[in-house]
file query.tsv (TSV, C-alpha atoms and all ligand atoms)
chain	number	residue	atom	x	y	z
A	194	PRO	CA	59.74	118.99	152.29
A	195	ASP	CA	56.73	117.27	153.84
A	196	GLU	CA	58.89	115.29	156.23
A	197	ILE	CA	60.97	115.85	159.31
A	198	SER	CA	63.34	113.74	161.36
A	199	VAL	CA	62.28	112.89	164.89
A	200	GLY	CA	65.37	114.63	166.27
A	201	GLU	CA	64.66	117.82	164.33
A	202	LEU	CA	61.03	117.79	165.43
A	203	ALA	CA	62.14	117.44	169.05
A	204	SER	CA	64.59	120.33	168.85
A	205	ARG	CA	62.03	122.60	167.18
A	206	MET	CA	59.53	121.82	169.93
A	207	LYS	CA	62.27	122.27	172.53
A	208	LYS	CA	61.61	118.78	173.87
A	209	THR	CA	63.99	115.92	174.38
A	210	GLY	CA	64.23	113.21	171.77
A	211	ALA	CA	63.14	110.62	174.31
A	212	GLU	CA	59.90	112.49	174.98
A	213	VAL	CA	59.06	112.60	171.30
A	214	VAL	CA	59.96	108.96	170.73
A	215	LYS	CA	57.76	108.02	173.68
A	216	CYS	CA	54.86	110.01	172.27
A	217	LEU	CA	55.36	108.36	168.88
A	218	ILE	CA	55.29	104.90	170.44
A	219	LYS	CA	52.13	105.82	172.27
A	220	ASN	CA	50.66	106.54	168.84
A	221	GLY	CA	51.88	103.27	167.42
A	222	VAL	CA	54.89	104.58	165.53
A	223	MET	CA	58.23	102.96	166.19
A	224	ALA	CA	60.87	105.48	165.26
A	225	SER	CA	64.31	106.48	166.41
A	226	LEU	CA	65.77	109.99	166.48
A	227	SER	CA	67.23	109.75	163.00
A	228	ASP	CA	64.06	108.38	161.42
A	229	VAL	CA	62.01	110.64	159.24
A	230	ILE	CA	58.27	110.99	159.78
A	231	ASP	CA	55.72	112.59	157.52
A	232	TYR	CA	53.94	115.87	158.08
A	233	ASP	CA	50.64	114.39	159.27
A	234	THR	CA	52.33	112.23	161.89
A	235	ALA	CA	54.48	115.14	163.06
A	236	ALA	CA	51.38	117.31	163.35
A	237	ILE	CA	49.59	114.80	165.55
A	238	ILE	CA	52.61	114.35	167.81
A	239	ALA	CA	53.24	118.09	168.08
A	240	GLU	CA	49.67	118.82	168.97
A	241	GLU	CA	49.68	116.14	171.62
A	242	MET	CA	52.83	117.68	173.05
A	243	GLY	CA	51.29	121.12	173.12
A	244	CYS	CA	52.83	122.63	170.01
A	245	LYS	CA	51.37	123.93	166.80
A	246	VAL	CA	52.85	123.00	163.45
A	247	GLU	CA	52.78	124.81	160.19
A	248	LYS	CA	54.00	123.65	156.84
A	249	GLU	CA	57.06	125.47	155.64
A	250	VAL	CA	56.59	126.96	152.22
A	251	VAL	CA	59.74	126.02	150.39
A	252	VAL	CA	60.38	127.60	147.03
A	253	THR	CA	62.60	125.25	145.07
A	254	ILE	CA	65.24	126.38	142.60
A	255	GLU	CA	63.10	124.87	139.89
A	256	GLU	CA	60.17	127.06	140.87
A	257	LYS	CA	62.35	130.15	141.03
A	258	LEU	CA	63.94	129.41	137.70
A	259	ILE	CA	61.15	128.10	135.52
A	260	ASP	CA	58.11	130.22	134.81
A	261	THR	CA	55.10	127.91	134.71
A	262	THR	CA	52.36	130.53	134.80
A	263	GLU	CA	49.50	129.93	132.39
A	264	ASP	CA	49.13	132.19	129.41
A	265	LYS	CA	46.33	134.70	129.33
A	266	GLU	CA	43.92	134.24	126.45
A	267	GLU	CA	44.81	137.66	125.00
A	268	ASP	CA	48.49	136.74	124.77
A	269	LEU	CA	47.84	133.73	122.57
A	270	VAL	CA	48.30	133.77	118.81
A	271	PRO	CA	47.80	130.98	116.25
A	272	ARG	CA	50.69	128.58	115.82
A	273	ALA	CA	51.59	125.98	113.20
A	274	PRO	CA	50.41	122.42	113.81
A	275	VAL	CA	53.03	119.84	114.71
A	276	VAL	CA	52.47	116.71	112.66
A	277	VAL	CA	54.15	113.42	113.42
A	278	VAL	CA	54.58	110.80	110.72
A	279	MET	CA	54.31	107.35	112.25
A	280	GLY	CA	54.09	103.77	111.09
A	281	HIS	CA	55.89	100.49	110.65
A	282	VAL	CA	59.48	100.43	109.48
A	283	ASP	CA	59.87	100.54	105.68
A	284	HIS	CA	56.29	101.63	105.09
A	285	GLY	CA	57.59	104.94	103.75
A	286	LYS	CA	57.67	107.55	106.56
A	287	THR	CA	61.00	109.03	105.56
A	288	SER	CA	60.13	108.91	101.85
A	289	LEU	CA	56.91	110.80	102.54
A	290	LEU	CA	58.73	113.43	104.61
A	291	ASP	CA	61.38	113.78	101.92
A	292	TYR	CA	58.75	114.18	99.23
A	293	ILE	CA	56.89	116.86	101.18
A	294	ARG	CA	60.08	118.71	101.99
A	295	HIS	CA	61.29	118.77	98.41
A	296	ALA	CA	57.92	119.59	96.92
A	297	ASN	CA	57.46	122.51	99.28
A	298	VAL	CA	60.88	124.04	99.25
A	299	VAL	CA	60.92	127.54	97.88
A	300	SER	CA	63.20	127.56	94.86
A	301	GLY	CA	66.68	128.73	95.72
A	302	GLU	CA	66.46	127.20	99.17
A	303	ALA	CA	66.86	123.65	97.97
A	304	GLY	CA	70.64	123.59	98.18
A	305	GLY	CA	71.41	122.59	101.72
A	306	ILE	CA	69.06	119.69	102.29
A	307	THR	CA	71.11	116.57	102.24
A	308	GLN	CA	71.50	115.29	105.75
A	309	HIS	CA	68.80	113.50	107.65
A	310	ILE	CA	66.73	115.70	109.88
A	311	GLY	CA	64.03	114.64	112.25
A	312	ALA	CA	61.99	117.82	112.12
A	313	TYR	CA	61.29	120.66	109.73
A	314	GLN	CA	58.69	123.26	108.88
A	315	VAL	CA	57.25	123.89	105.42
A	316	ASN	CA	54.55	126.03	103.97
A	317	VAL	CA	51.54	124.15	102.73
A	318	LYS	CA	49.69	126.63	100.50
A	319	GLY	CA	50.61	129.46	102.79
A	320	SER	CA	50.08	127.67	106.10
A	321	PRO	CA	53.20	126.68	108.00
A	322	VAL	CA	53.19	123.04	109.12
A	323	THR	CA	55.84	121.37	111.27
A	324	PHE	CA	56.65	117.74	110.50
A	325	LEU	CA	58.40	115.27	112.75
A	326	ASP	CA	59.75	111.91	111.77
A	327	THR	CA	58.67	109.31	114.33
A	328	PRO	CA	60.79	110.20	117.29
A	329	GLY	CA	62.71	107.23	118.63
A	330	HIS	CA	60.63	104.94	120.72
A	331	GLU	CA	62.50	106.07	123.81
A	332	ALA	CA	61.70	109.72	123.25
A	333	PHE	CA	58.06	108.91	122.75
A	334	THR	CA	57.83	106.82	125.85
A	335	ALA	CA	59.59	109.49	127.89
A	336	MET	CA	57.21	112.17	126.67
A	337	ARG	CA	54.19	110.01	127.25
A	338	ALA	CA	55.32	109.20	130.76
A	339	ARG	CA	55.42	112.94	131.46
A	340	GLY	CA	52.00	113.36	129.92
A	341	ALA	CA	53.51	115.85	127.55
A	342	MET	CA	52.58	115.32	123.99
A	343	ILE	CA	54.24	117.50	121.51
A	344	THR	CA	52.26	116.67	118.41
A	345	ASP	CA	48.85	117.82	117.25
A	346	VAL	CA	48.09	115.48	114.36
A	347	ALA	CA	49.42	112.04	113.45
A	348	ILE	CA	49.86	110.74	109.92
A	349	LEU	CA	49.82	106.96	110.09
A	350	VAL	CA	51.66	105.51	107.13
A	351	VAL	CA	50.65	102.00	106.10
A	352	ALA	CA	52.12	100.34	103.03
A	353	ALA	CA	49.37	99.25	100.67
A	354	ASP	CA	51.28	96.12	99.71
A	355	ASP	CA	51.83	95.07	103.31
A	356	GLY	CA	49.34	95.65	106.12
A	357	ILE	CA	48.99	96.52	109.76
A	358	MET	CA	52.23	95.52	111.46
A	359	PRO	CA	53.38	95.66	115.11
A	360	GLN	CA	54.74	99.21	114.89
A	361	THR	CA	51.55	100.29	113.13
A	362	VAL	CA	49.59	99.13	116.16
A	363	GLU	CA	52.08	100.79	118.49
A	364	SER	CA	51.69	104.04	116.56
A	365	ILE	CA	47.90	103.84	116.77
A	366	ASN	CA	48.18	103.33	120.51
A	367	HIS	CA	50.55	106.26	120.93
A	368	ALA	CA	48.26	108.58	119.00
A	369	LYS	CA	45.20	107.41	120.89
A	370	ALA	CA	46.93	107.85	124.24
A	371	ALA	CA	47.87	111.38	123.18
A	372	GLU	CA	44.31	112.00	122.03
A	373	ILE	CA	45.43	113.41	118.70
A	374	PRO	CA	43.59	112.86	115.42
A	375	ILE	CA	44.98	110.17	113.13
A	376	ILE	CA	45.04	110.61	109.36
A	377	VAL	CA	45.86	107.40	107.57
A	378	ALA	CA	48.11	107.54	104.52
A	379	ILE	CA	47.94	104.30	102.57
A	380	ASN	CA	51.32	104.46	100.86
A	381	LYS	CA	52.96	102.69	97.92
A	382	MET	CA	49.78	102.93	95.83
A	383	ASP	CA	52.02	102.88	92.74
A	384	LYS	CA	52.82	99.23	93.38
A	385	PRO	CA	50.86	96.66	91.37
A	386	THR	CA	50.39	94.62	94.53
A	387	ALA	CA	48.77	97.52	96.40
A	388	ASN	CA	45.58	96.44	98.15
A	389	PRO	CA	44.07	99.44	99.94
A	390	ASP	CA	40.76	97.70	100.65
A	391	ARG	CA	42.55	95.10	102.70
A	392	ILE	CA	44.28	97.84	104.72
A	393	MET	CA	41.00	99.64	105.33
A	394	GLN	CA	39.43	96.39	106.48
A	395	GLN	CA	42.28	95.83	108.91
A	396	LEU	CA	42.06	99.40	110.21
A	397	THR	CA	38.45	98.91	111.29
A	398	GLU	CA	39.73	96.41	113.84
A	399	TYR	CA	41.46	99.35	115.55
A	400	GLU	CA	38.42	101.60	115.51
A	401	LEU	CA	39.75	103.48	112.50
A	402	VAL	CA	36.72	103.33	110.24
A	403	PRO	CA	37.02	105.12	106.88
A	404	GLU	CA	34.65	107.99	106.20
A	405	GLU	CA	33.24	106.23	103.15
A	406	TRP	CA	32.28	103.33	105.40
A	407	GLY	CA	30.44	105.58	107.82
A	408	GLY	CA	33.33	106.20	110.21
A	409	ASP	CA	35.30	109.38	110.84
A	410	THR	CA	38.82	108.38	109.88
A	411	ILE	CA	40.33	110.24	106.96
A	412	ILE	CA	42.14	107.84	104.66
A	413	CYS	CA	44.40	109.12	101.89
A	414	PRO	CA	45.84	106.76	99.29
A	415	ILE	CA	49.28	108.08	98.34
A	416	SER	CA	52.60	107.25	96.78
A	417	ALA	CA	55.69	108.78	98.30
A	418	LYS	CA	57.47	107.67	95.15
A	419	THR	CA	55.30	109.36	92.51
A	420	GLY	CA	53.72	112.02	94.73
A	421	GLN	CA	50.23	110.79	93.92
A	422	GLY	CA	47.69	111.86	96.58
A	423	ILE	CA	50.13	113.84	98.70
A	424	ASP	CA	48.53	117.19	97.89
A	425	ASN	CA	45.23	115.85	99.12
A	426	LEU	CA	46.89	114.42	102.23
A	427	LEU	CA	48.37	117.83	103.05
A	428	ASP	CA	44.98	119.49	102.56
A	429	MET	CA	43.49	117.04	105.05
A	430	VAL	CA	46.30	117.73	107.52
A	431	VAL	CA	45.77	121.49	107.32
A	432	LEU	CA	41.98	121.10	107.65
A	433	THR	CA	42.28	118.80	110.64
A	434	ALA	CA	44.75	121.13	112.30
A	435	GLU	CA	42.60	124.20	111.68
A	436	MET	CA	39.75	122.63	113.60
A	437	ARG	CA	41.97	122.45	116.66
A	438	GLU	CA	42.62	126.22	116.73
A	439	LEU	CA	46.15	125.77	118.01
A	440	LYS	CA	47.65	128.73	119.86
A	441	ALA	CA	50.73	129.75	121.79
A	442	ASN	CA	52.35	132.80	123.36
A	443	PRO	CA	55.51	133.90	121.54
A	444	ASN	CA	56.28	136.55	124.17
A	445	ARG	CA	57.75	134.49	126.97
A	446	ALA	CA	60.78	132.33	127.70
A	447	ALA	CA	60.87	129.33	125.40
A	448	HIS	CA	60.03	125.84	126.46
A	449	GLY	CA	59.62	122.70	124.45
A	450	ALA	CA	61.00	119.26	123.84
A	451	VAL	CA	64.24	117.68	122.74
A	452	ILE	CA	63.40	115.72	119.60
A	453	GLU	CA	66.81	114.17	119.09
A	454	ALA	CA	70.36	114.83	120.22
A	455	ARG	CA	73.80	113.53	119.46
A	456	LEU	CA	77.46	114.27	120.03
A	457	ASP	CA	79.14	115.77	116.97
A	458	LYS	CA	82.91	115.38	116.83
A	459	GLY	CA	83.54	118.97	115.80
A	460	ARG	CA	80.60	120.87	117.25
A	461	GLY	CA	79.94	119.03	120.49
A	462	PRO	CA	76.39	118.23	121.59
A	463	VAL	CA	73.87	118.95	118.84
A	464	ALA	CA	70.18	118.90	119.68
A	465	THR	CA	67.02	119.24	117.64
A	466	LEU	CA	64.52	121.15	119.73
A	467	LEU	CA	60.89	121.85	119.12
A	468	VAL	CA	59.77	125.13	120.65
A	469	GLN	CA	56.27	124.59	122.00
A	470	ASN	CA	55.68	127.93	123.64
A	471	GLY	CA	57.58	131.19	123.89
A	472	THR	CA	60.49	132.24	121.69
A	473	LEU	CA	63.98	130.81	121.78
A	474	HIS	CA	66.82	133.25	121.05
A	475	GLN	CA	70.41	132.75	120.16
A	476	GLY	CA	72.35	133.27	123.39
A	477	ASP	CA	69.57	131.96	125.65
A	478	VAL	CA	70.56	129.74	128.53
A	479	ILE	CA	68.64	126.50	128.35
A	480	ILE	CA	68.24	123.56	130.65
A	481	ALA	CA	67.07	120.13	129.51
A	482	GLY	CA	67.11	117.31	132.01
A	483	THR	CA	70.62	117.34	133.40
A	484	ALA	CA	72.10	119.25	130.47
A	485	VAL	CA	72.62	122.98	130.57
A	486	GLY	CA	74.19	125.45	128.16
A	487	ARG	CA	73.86	128.54	126.09
A	488	VAL	CA	72.43	128.45	122.56
A	489	ARG	CA	75.59	129.27	120.62
A	490	ALA	CA	74.05	128.83	117.19
A	491	MET	CA	70.65	127.90	115.92
A	492	THR	CA	69.75	126.63	112.44
A	493	ASP	CA	66.64	125.41	110.67
A	494	ALA	CA	66.39	122.14	108.75
A	495	ARG	CA	68.00	123.75	105.73
A	496	GLY	CA	71.02	124.84	107.69
A	497	LYS	CA	69.92	128.49	107.64
A	498	LYS	CA	71.03	130.46	110.70
A	499	LEU	CA	68.23	131.74	112.90
A	500	ALA	CA	68.37	134.44	115.55
A	501	GLU	CA	65.12	133.30	117.11
A	502	ALA	CA	62.50	130.59	116.88
A	503	GLY	CA	58.88	130.89	117.98
A	504	PRO	CA	56.18	128.34	118.84
A	505	SER	CA	56.06	125.14	116.72
A	506	VAL	CA	59.43	125.92	115.12
A	507	PRO	CA	61.98	123.10	115.17
A	508	VAL	CA	65.63	124.12	115.39
A	509	GLU	CA	69.00	122.51	115.64
A	510	ILE	CA	71.16	124.05	118.32
A	511	ILE	CA	74.71	123.76	119.56
A	512	GLY	CA	76.07	124.93	122.88
A	513	MET	CA	74.79	122.42	125.43
A	514	GLY	CA	77.36	121.15	127.92
A	515	GLU	CA	76.28	117.56	127.41
A	516	VAL	CA	73.91	115.64	125.17
A	517	PRO	CA	70.35	115.99	126.47
A	518	GLY	CA	67.99	113.01	126.36
A	519	ALA	CA	65.53	112.64	123.51
A	520	GLY	CA	62.12	113.46	124.90
A	521	ASP	CA	63.49	115.73	127.64
A	522	GLU	CA	61.68	118.95	128.29
A	523	PHE	CA	63.78	122.07	127.78
A	524	HIS	CA	63.38	125.54	129.27
A	525	ALA	CA	65.07	128.81	128.49
A	526	VAL	CA	65.97	130.44	131.80
A	527	ALA	CA	67.20	133.82	132.95
A	528	ASP	CA	69.84	132.78	135.46
A	529	GLU	CA	72.70	130.59	134.32
A	530	ARG	CA	74.18	130.12	137.77
A	531	MET	CA	70.87	128.91	139.16
A	532	ALA	CA	70.40	126.68	136.10
A	533	ARG	CA	73.70	124.97	136.87
A	534	GLU	CA	72.64	124.57	140.47
A	535	LEU	CA	69.38	122.94	139.38
A	536	VAL	CA	71.26	120.56	137.09
A	537	GLU	CA	73.55	119.58	139.98
A	538	GLN	CA	70.51	118.97	142.12
A	539	ARG	CA	68.88	116.83	139.43
A	540	LYS	CA	72.06	114.80	138.99
A	541	HIS	CA	72.26	114.31	142.72
A	542	GLU	CA	68.64	113.13	142.85
A	543	GLN	CA	69.26	110.72	139.97
A	544	LYS	CA	72.25	109.28	141.79
A	545	ALA	CA	70.30	108.93	145.00
A	546	ALA	CA	67.43	107.25	143.19
A	547	ALA	CA	69.84	104.86	141.50
A	548	ALA	CA	71.53	104.03	144.81
A	549	ASN	CA	68.27	103.44	146.64
A	550	PRO	CA	65.78	102.13	144.11
A	551	VAL	CA	63.34	100.89	146.75
A	552	GLY	CA	62.90	104.35	148.19
A	553	LYS	CA	62.89	105.15	151.86
A	554	VAL	CA	60.83	103.32	154.36
A	555	SER	CA	57.40	104.84	154.63
A	556	LEU	CA	55.29	104.93	157.74
A	557	GLU	CA	53.04	102.30	156.20
A	558	ASP	CA	56.08	100.05	155.91
A	559	LEU	CA	56.95	100.71	159.51
A	560	PHE	CA	53.46	99.84	160.63
A	561	SER	CA	53.37	96.63	158.66
A	562	GLN	CA	56.66	95.62	160.22
A	563	ILE	CA	55.35	95.94	163.74
B	601	LIG	P1	60.46	104.23	106.70
B	601	LIG	O1	61.22	103.14	107.35
B	601	LIG	O2	59.01	104.15	107.09
B	601	LIG	O3	61.03	105.59	106.90
B	601	LIG	O4	60.45	103.88	105.14
B	601	LIG	P2	61.31	104.53	103.96
B	601	LIG	O5	60.79	105.86	103.60
B	601	LIG	O6	62.74	104.42	104.30
B	601	LIG	O7	60.93	103.56	102.77
B	601	LIG	C1	61.23	102.17	102.77
B	601	LIG	C2	61.37	101.67	101.34
B	601	LIG	O8	60.15	101.79	100.65
B	601	LIG	C3	62.38	102.47	100.53
B	601	LIG	O9	63.08	101.59	99.70
B	601	LIG	C4	61.52	103.39	99.69
B	601	LIG	O10	62.13	103.76	98.48
B	601	LIG	C5	60.29	102.57	99.46
B	601	LIG	N1	59.09	103.39	99.29
B	601	LIG	C6	58.64	104.35	100.12
B	601	LIG	N2	57.50	104.87	99.66
B	601	LIG	C7	57.23	104.24	98.49
B	601	LIG	C8	56.16	104.36	97.53
B	601	LIG	O11	55.23	105.14	97.63
B	601	LIG	N3	56.22	103.50	96.45
B	601	LIG	C9	57.22	102.59	96.30
B	601	LIG	N4	57.17	101.82	95.22
B	601	LIG	N5	58.22	102.48	97.18
B	601	LIG	C10	58.24	103.29	98.26
B	602	MG	MG	62.56	106.27	108.21
call {"tool": "encode", "arguments": {"input": "query.tsv", "output": "structure tokens"}}
result
Amino acid sequence: PDEISVGELASRMKKTGAEVVKCLIKNGVMASLSDVIDYDTAAIIAEEMGCKVEKEVVVTIEEKLIDTTEDKEEDLVPRAPVVVVMGHVDHGKTSLLDYIRHANVVSGEAGGITQHIGAYQVNVKGSPVTFLDTPGHEAFTAMRARGAMITDVAILVVAADDGIMPQTVESINHAKAAEIPIIVAINKMDKPTANPDRIMQQLTEYELVPEEWGGDTIICPISAKTGQGIDNLLDMVVLTAEMRELKANPNRAAHGAVIEARLDKGRGPVATLLVQNGTLHQGDVIIAGTAVGRVRAMTDARGKKLAEAGPSVPVEIIGMGEVPGAGDEFHAVADERMARELVEQRKHEQKAAAANPVGKVSLEDLFSQI
């Protein structure tokens, strides 16, 4: 968009290619007719040759398709916090999530929960809270690279009979990079070998200083096995989230993140999505990375069918044409044909980038070669 080939520049100025090349050389740029020069260079050359240049305003398919306008304050309503449970393997993340899910299931609903799910929403004393199991490392890295963080609060699980381990440190770094508050859950307190003081001591080395030691880190001793301390942990989560006054606009096209996705033999691509803003409806066309499709069916973590899902609601959907990448951003869009066009374009760009990893020669490169 901000570039033009020498030949094209010449024809737009109604000059010969040789004249333009000559003018370029005079300005220290060695370029042939097929070479591409940037806008600033083209502007200098054009002016010198008696022409005026103006940047073309190109509206891309992406811009036409995806509404990125900011929400007005009056359109925003409170939304549930999205809480990620992080920590070293085997320190009890899944056990904690399972405990919370079972303890907070309304009776009668309990039936369907058997399979593993990476995201669900429960009511904690009347406040909805969305929990995510640590997304795969890949998903996290992808989201961080985009600067898009999908979580509002992190629960850092550390086993009281173990200590700070490599993935604990990684989790701390992720949460810090995302600038989200960390609540530490010292787990496995039921074990006779539990040593919470040692954990707290270790945490101070990562600037996580317990409140009782004059710091501002909330530390909750818990047991995901017995349930001890989990009520208090949830209170702290809700309190911490409330201070952030989280809001979203349910009245717009949905966008959010792919939490996990897989290919199911019978149902095709299955994706867990977290709606971050807007409302997702059954039948919506969505685009996520290079995957596109229509939401054929949408269920919550309990397998209950949903017709729509608003901000902070995680859902499992089927209907995508291919498996989207974990961590991909998704958008509900109004025009399926254009969505397919955008996906083609993205695939094409990916292929081009893979074929030419060094990128094209920049003017700087040209200069340094002279
Ligand atoms: P994850 O890898 O962090 O998801 O850890 P899991 O939840 O899979 O737990 C790893 C192991 O620790 C399992 O055998 C759990 O039963 C056990 N475990 C988890 N929480 C507790 C706890 O509070 N007390 C005890 N005694 N065992 C626990
Ligand atoms: Mg686990």
call {"tool": "closest_atom_pairs", "arguments": {"input": "query.tsv", "of": "chain A", "to": "ligand LIG 601 (chain B)", "cutoff": "8 Å", "atoms": "all atoms listed in the file", "output": "CSV"}}
result
residue,atom,partner,partner_atom,distance
A:Met279,CA,B:LIG601,O2,7.7
A:Gly280,CA,B:LIG601,O2,6.4
A:His281,CA,B:LIG601,O2,6.0
A:Val282,CA,B:LIG601,O1,3.9
A:Asp283,CA,B:LIG601,O1,3.4
A:His284,CA,B:LIG601,O2,4.2
A:Gly285,CA,B:LIG601,O5,3.3
A:Lys286,CA,B:LIG601,O2,3.7
A:Thr287,CA,B:LIG601,O3,3.7
A:Ser288,CA,B:LIG601,O5,3.6
A:Leu289,CA,B:LIG601,O5,6.4
A:Leu290,CA,B:LIG601,O5,7.9
A:Val350,CA,B:LIG601,O2,7.5
A:Ala352,CA,B:LIG601,N2,7.8
A:Asn380,CA,B:LIG601,O11,5.1
A:Lys381,CA,B:LIG601,O11,3.4
A:Met382,CA,B:LIG601,O11,6.2
A:Asp383,CA,B:LIG601,N3,5.6
A:Lys384,CA,B:LIG601,N4,5.4
A:Ile415,CA,B:LIG601,O11,6.7
A:Ser416,CA,B:LIG601,O11,3.5
A:Ala417,CA,B:LIG601,O11,3.7
A:Lys418,CA,B:LIG601,O11,4.2
A:Thr419,CA,B:LIG601,O11,6.6
A:Gly420,CA,B:LIG601,O11,7.6
call {"tool": "atom_distance", "arguments": {"input": "query.tsv", "atom1": "atom CA of A:Val278", "atom2": "atom CA of A:Asn444"}}
result
29.1 Å
call {"tool": "atom_distance", "arguments": {"input": "query.tsv", "atom1": "atom CA of A:Leu396", "atom2": "atom CA of A:Gly520"}}
result
28.6 Å
call {"tool": "closest_residue", "arguments": {"input": "query.tsv", "among": "A:Gly422, A:Leu325, A:Arg294, A:Ala203", "to": "ligand MG 602 (chain B)", "atoms": "all atoms listed in the file"}}
result
A:Leu325
call {"tool": "closest_residue", "arguments": {"input": "query.tsv", "among": "A:Glu241, A:Asp233, A:Asp291, A:Glu405", "to": "ligand MG 602 (chain B)", "atoms": "all atoms listed in the file"}}
result
A:Asp291
call {"tool": "atom_distance", "arguments": {"input": "query.tsv", "atom1": "atom CA of A:Gln395", "atom2": "atom CA of A:Gly356"}}
result
7.6 Å
call {"tool": "closest_residue", "arguments": {"input": "query.tsv", "among": "A:Ser505, A:Ala532, A:Gly311, A:Glu522", "to": "ligand MG 602 (chain B)", "atoms": "all atoms listed in the file"}}
result
A:Gly311
call {"tool": "residues_around", "arguments": {"input": "query.tsv", "residues": "A:Ile259", "least_positions_apart": "4", "cutoff": "8 Å", "atoms": "all atoms listed in the file", "output": "ChimeraX atom specification"}}
result
/A:255,524,526
call {"tool": "closest_residue", "arguments": {"input": "query.tsv", "among": "A:Leu349, A:Ala546, A:Val322, A:Val315", "to": "A:Arg495", "atoms": "all atoms listed in the file"}}
result
A:Val315
call {"tool": "closest_residue", "arguments": {"input": "query.tsv", "among": "A:Asp326, A:Glu453, A:Asp355, A:Glu435", "to": "ligand MG 602 (chain B)", "atoms": "only C-alpha atoms and all ligand atoms"}}
result
A:Asp326
call {"tool": "residues_around", "arguments": {"input": "query.tsv", "residues": "A:His474", "least_positions_apart": "5", "cutoff": "8 Å", "atoms": "only C-alpha atoms", "output": "JSON, numbers by chain"}}
result
{"A": [488, 500, 501, 502]}
call {"tool": "residues_near_point", "arguments": {"input": "query.tsv", "point": "(51.8, 112.4, 161.5)", "cutoff": "10 Å", "atoms": "all atoms listed in the file", "output": "PyMOL selection string"}}
result
chain A and resi 196+217+220+222+230-239+556
call {"tool": "closest_residue", "arguments": {"input": "query.tsv", "among": "A:Ala347, A:Ala494, A:Ala211, A:Val508", "to": "A:Val276", "atoms": "all atoms listed in the file"}}
result
A:Ala347
call {"tool": "residues_around", "arguments": {"input": "query.tsv", "residues": "A:Pro403", "least_positions_apart": "4", "cutoff": "10 Å", "atoms": "only C-alpha atoms", "output": "PyMOL selection string"}}
result
chain A and resi 377+393-394+396-397+407-413
